[in-house]
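Beneath this line is the structure, given in structure tokens, with notes to follow.
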Amino acid sequence: MVQLGIGCCWGNRRIPRLENSLRKIGRQADLQSAGMQQWVDVETRGVEAVSRPGKPFVLELRFEAVNNTPFLLTVQKIVTTVALYPGEWERFTVSESVRLPPSRDGKESGYPFYIETGIETKEGFERRTLFTISGDVTFKDCLGAMQTQWFGGLYECEPENFRYLKPLGTVPDKQEKKRGQKPN
């Protein structure tokens, strides 16, 4: 009976130590997985005007999904939506499993893909066309977890030039002071 009491007392001391050790192990695992976070950069790779049967004027908008992380990832699906005109859009889906090793020695590891979209006239393209493009890339990261990452924005397109237009940034809140009014 005395021995049982000592065992219970010793066991009660071990439980908080065990819980503390498990918390530390969990925190270390979180730090390691944070250091292994992955993403896909979707970059423009050009534009070409082509003719297709039944379509007098088609644009091939070329992209590349690039792995700029130090670990292997596997692209599963890419969905791209292009807004041609207000209320008018086209959606393109590429579904295949493509392993992208890490980019090394200044050499990118990427998966090229393109979409074919049409605009009314070749003249509109030659003057300059703006597209709103959005999409997402679904990939399996190096830890085996599936992730979906969004890409998109406003893109400028003209002969020999297809590029992403960087946004100006977040619009700040504006406060105005009127005569006789104290600022908040």
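Chain identifiers are assigned as A, B, and so on, following the order in which chains appear in the structure tokens; residues are numbered from 1 within each chain, and ligands are numbered from 1 in order of appearance.
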
Practice item. Using backbone DSSP assignments, extract all alpha helix (DSSP H) residues from stretch 54-164 of chain A; output them as a list in words. Key: Lys122, Glu123, Gly124, Phe125, Glu126 and Arg127 of chain A

Exercise for review: Within 7 Å of stretch 140-146 of chain A, counting only C-alpha atoms, which residues show up once you throw out same-chain ones fewer than 4 positions away? Write them as a PyMOL selection string, please.
Suggested key: chain A and resi 38+71-75

Export of the given selection (C-alpha atoms) as a short mmCIF file (atom, residue, chain, number, x, y, z; two decimals), in the first residue's frame:
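To be explicit, this is the file written out as selection28.cif:
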data_model
loop_
_atom_site.label_atom_id
_atom_site.label_comp_id
_atom_site.auth_asym_id
_atom_site.auth_seq_id
_atom_site.Cartn_x
_atom_site.Cartn_y
_atom_site.Cartn_z
CA GLN A 38 5.96 26.35 -50.18
CA PHE A 71 11.77 21.67 -51.79
CA LEU A 72 9.99 19.51 -54.36
CA LEU A 73 6.29 20.20 -54.96
CA THR A 74 3.71 18.58 -57.25
CA VAL A 75 1.30 20.73 -59.26
#

Exercise for review: Quote the spacing between atom CA of A:Trp89 and atom CA of A:Val137 in Å to one decimal place.
Suggested key: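 One can read the atom CA of A:Trp89 to atom CA of A:Val137 distance as 18.6 Å.
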
Point to revise | Proximity to A:Glu60 - best of A:Gly152, A:Pro159, A:Gly169, A:Gly87, only C-alpha atoms | key: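 Closest to A:Glu60 of all the choices is A:Pro159.
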
Would you write out, as a Markdown table, a table of all residues in stretch 98-157 of chain A that have an atom no more than 12 Å from an atom of stretch 163-168 of chain A, listing for each the closest atom pair and the distance in Å to one decimal, considering only C-alpha atoms and ordering rows by chain and rising residue number?
| residue | atom | partner | partner_atom | distance |
| --- | --- | --- | --- | --- |
| A:Arg128 | CA | A:Arg163 | CA | 11.5 |
| A:Thr129 | CA | A:Arg163 | CA | 11.0 |
| A:Leu130 | CA | A:Leu165 | CA | 9.5 |
| A:Phe131 | CA | A:Tyr164 | CA | 9.7 |
| A:Thr132 | CA | A:Tyr164 | CA | 9.8 |
| A:Ile133 | CA | A:Tyr164 | CA | 9.5 |
| A:Ser134 | CA | A:Tyr164 | CA | 11.4 |
| A:Phe151 | CA | A:Tyr164 | CA | 10.7 |
| A:Gly152 | CA | A:Tyr164 | CA | 8.4 |
| A:Gly153 | CA | A:Tyr164 | CA | 7.1 |
| A:Leu154 | CA | A:Leu165 | CA | 5.6 |
| A:Tyr155 | CA | A:Tyr164 | CA | 4.5 |
| A:Glu156 | CA | A:Arg163 | CA | 5.4 |
| A:Cys157 | CA | A:Arg163 | CA | 6.7 |

Please produce a file of the residues just selected, as a PDB file, in the first residue's frame, where the atoms kept are C-alpha atoms.
ATOM      1  CA  ARG A 128      -3.058  47.441 -76.334  1.00  0.00           C
ATOM      2  CA  THR A 129      -5.482  45.248 -74.474  1.00  0.00           C
ATOM      3  CA  LEU A 130      -6.004  44.912 -70.740  1.00  0.00           C
ATOM      4  CA  PHE A 131      -7.268  41.640 -69.264  1.00  0.00           C
ATOM      5  CA  THR A 132      -8.367  40.809 -65.770  1.00  0.00           C
ATOM      6  CA  ILE A 133      -6.993  37.338 -65.102  1.00  0.00           C
ATOM      7  CA  SER A 134      -7.478  35.296 -61.964  1.00  0.00           C
ATOM      8  CA  PHE A 151      -2.936  34.360 -58.533  1.00  0.00           C
ATOM      9  CA  GLY A 152      -4.155  37.138 -60.770  1.00  0.00           C
ATOM     10  CA  GLY A 153      -4.679  40.788 -61.364  1.00  0.00           C
ATOM     11  CA  LEU A 154      -4.615  43.165 -64.298  1.00  0.00           C
ATOM     12  CA  TYR A 155      -2.460  42.202 -67.289  1.00  0.00           C
ATOM     13  CA  GLU A 156      -1.363  44.331 -70.238  1.00  0.00           C
ATOM     14  CA  CYS A 157      -1.182  42.637 -73.607  1.00  0.00           C
TER      15      CYS A 157
END

Revision key, fill the gap. Restricting to only C-alpha atoms, whichever of A:Gly118, A:Asn161, A:Glu123, A:Ser97 is closest to A:Gly54 is A:Gly118

Exercise for review: Would you please work out which residue, of A:Pro86, A:Pro70, A:Glu64, A:Phe139, is nearest to A:Arg99 when using only C-alpha atoms?
Suggested key: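 Among the listed residues, A:Phe139 lies closest to A:Arg99.
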
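For the pair atom CA of A:Pro53 and atom CA of A:Glu90, the separation is 19.0 Å.
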
Exercise for review: Please identify all polymer residues within 7 Å of stretch 103-111 of chain A, counting only C-alpha atoms, omitting same-chain residues fewer than 6 positions from it, and present them as a ChimeraX atom specification.
Suggested key: /A:64-68

Using the selection just defined, write its residues with N, CA and C atoms as a short mmCIF file (atom, residue, chain, number, x, y, z; two decimals), in the first residue's frame.
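Contents of selection_0.cif, as written:
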data_model
loop_
_atom_site.label_atom_id
_atom_site.label_comp_id
_atom_site.auth_asym_id
_atom_site.auth_seq_id
_atom_site.Cartn_x
_atom_site.Cartn_y
_atom_site.Cartn_z
N GLU A 64 3.93 30.49 -66.70
CA GLU A 64 4.71 29.40 -66.15
C GLU A 64 4.52 29.39 -64.64
N ALA A 65 4.21 28.21 -64.10
CA ALA A 65 4.13 28.02 -62.66
C ALA A 65 5.53 27.64 -62.20
N VAL A 66 6.13 28.46 -61.33
CA VAL A 66 7.53 28.30 -60.96
C VAL A 66 7.65 27.96 -59.47
N ASN A 67 8.50 26.96 -59.19
CA ASN A 67 8.80 26.59 -57.81
C ASN A 67 10.09 27.29 -57.39
N ASN A 68 9.96 28.35 -56.60
CA ASN A 68 11.13 29.07 -56.10
C ASN A 68 11.46 28.70 -54.66
#

Restrict the calculation to only C-alpha atoms, then for each residue of stretch 58-105 of chain A with any atom at most 12 Å from an atom of stretch 112-117 of chain A give the closest atom pair and their distance in Å to one decimal, rows by chain and rising residue number, as a Markdown table.
| residue | atom | partner | partner_atom | distance |
| --- | --- | --- | --- | --- |
| A:Val58 | CA | A:Thr117 | CA | 5.7 |
| A:Leu59 | CA | A:Thr117 | CA | 5.3 |
| A:Glu60 | CA | A:Glu116 | CA | 4.6 |
| A:Leu61 | CA | A:Ile115 | CA | 5.4 |
| A:Arg62 | CA | A:Tyr114 | CA | 4.3 |
| A:Phe63 | CA | A:Phe113 | CA | 5.4 |
| A:Glu64 | CA | A:Pro112 | CA | 4.1 |
| A:Ala65 | CA | A:Pro112 | CA | 6.4 |
| A:Val66 | CA | A:Pro112 | CA | 8.5 |
| A:Asn67 | CA | A:Pro112 | CA | 11.7 |
| A:Val75 | CA | A:Pro112 | CA | 11.4 |
| A:Lys77 | CA | A:Phe113 | CA | 11.1 |
| A:Ile78 | CA | A:Phe113 | CA | 8.9 |
| A:Val79 | CA | A:Ile115 | CA | 10.2 |
| A:Thr80 | CA | A:Ile115 | CA | 8.0 |
| A:Thr81 | CA | A:Ile115 | CA | 9.4 |
| A:Val82 | CA | A:Thr117 | CA | 8.0 |
| A:Ala83 | CA | A:Thr117 | CA | 9.8 |
| A:Leu84 | CA | A:Thr117 | CA | 8.4 |
| A:Tyr85 | CA | A:Thr117 | CA | 11.9 |
| A:Glu88 | CA | A:Thr117 | CA | 11.8 |
| A:Trp89 | CA | A:Thr117 | CA | 9.6 |
| A:Glu90 | CA | A:Thr117 | CA | 7.7 |
| A:Arg91 | CA | A:Ile115 | CA | 9.1 |
| A:Phe92 | CA | A:Ile115 | CA | 6.8 |
| A:Thr93 | CA | A:Ile115 | CA | 9.1 |
| A:Val94 | CA | A:Phe113 | CA | 8.1 |
| A:Ser95 | CA | A:Phe113 | CA | 11.0 |
| A:Glu96 | CA | A:Phe113 | CA | 11.4 |
| A:Val98 | CA | A:Pro112 | CA | 10.7 |
| A:Leu100 | CA | A:Pro112 | CA | 11.2 |

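For the pair atom CA of A:Thr69 and atom CA of A:Thr138, the separation is 15.6 Å.
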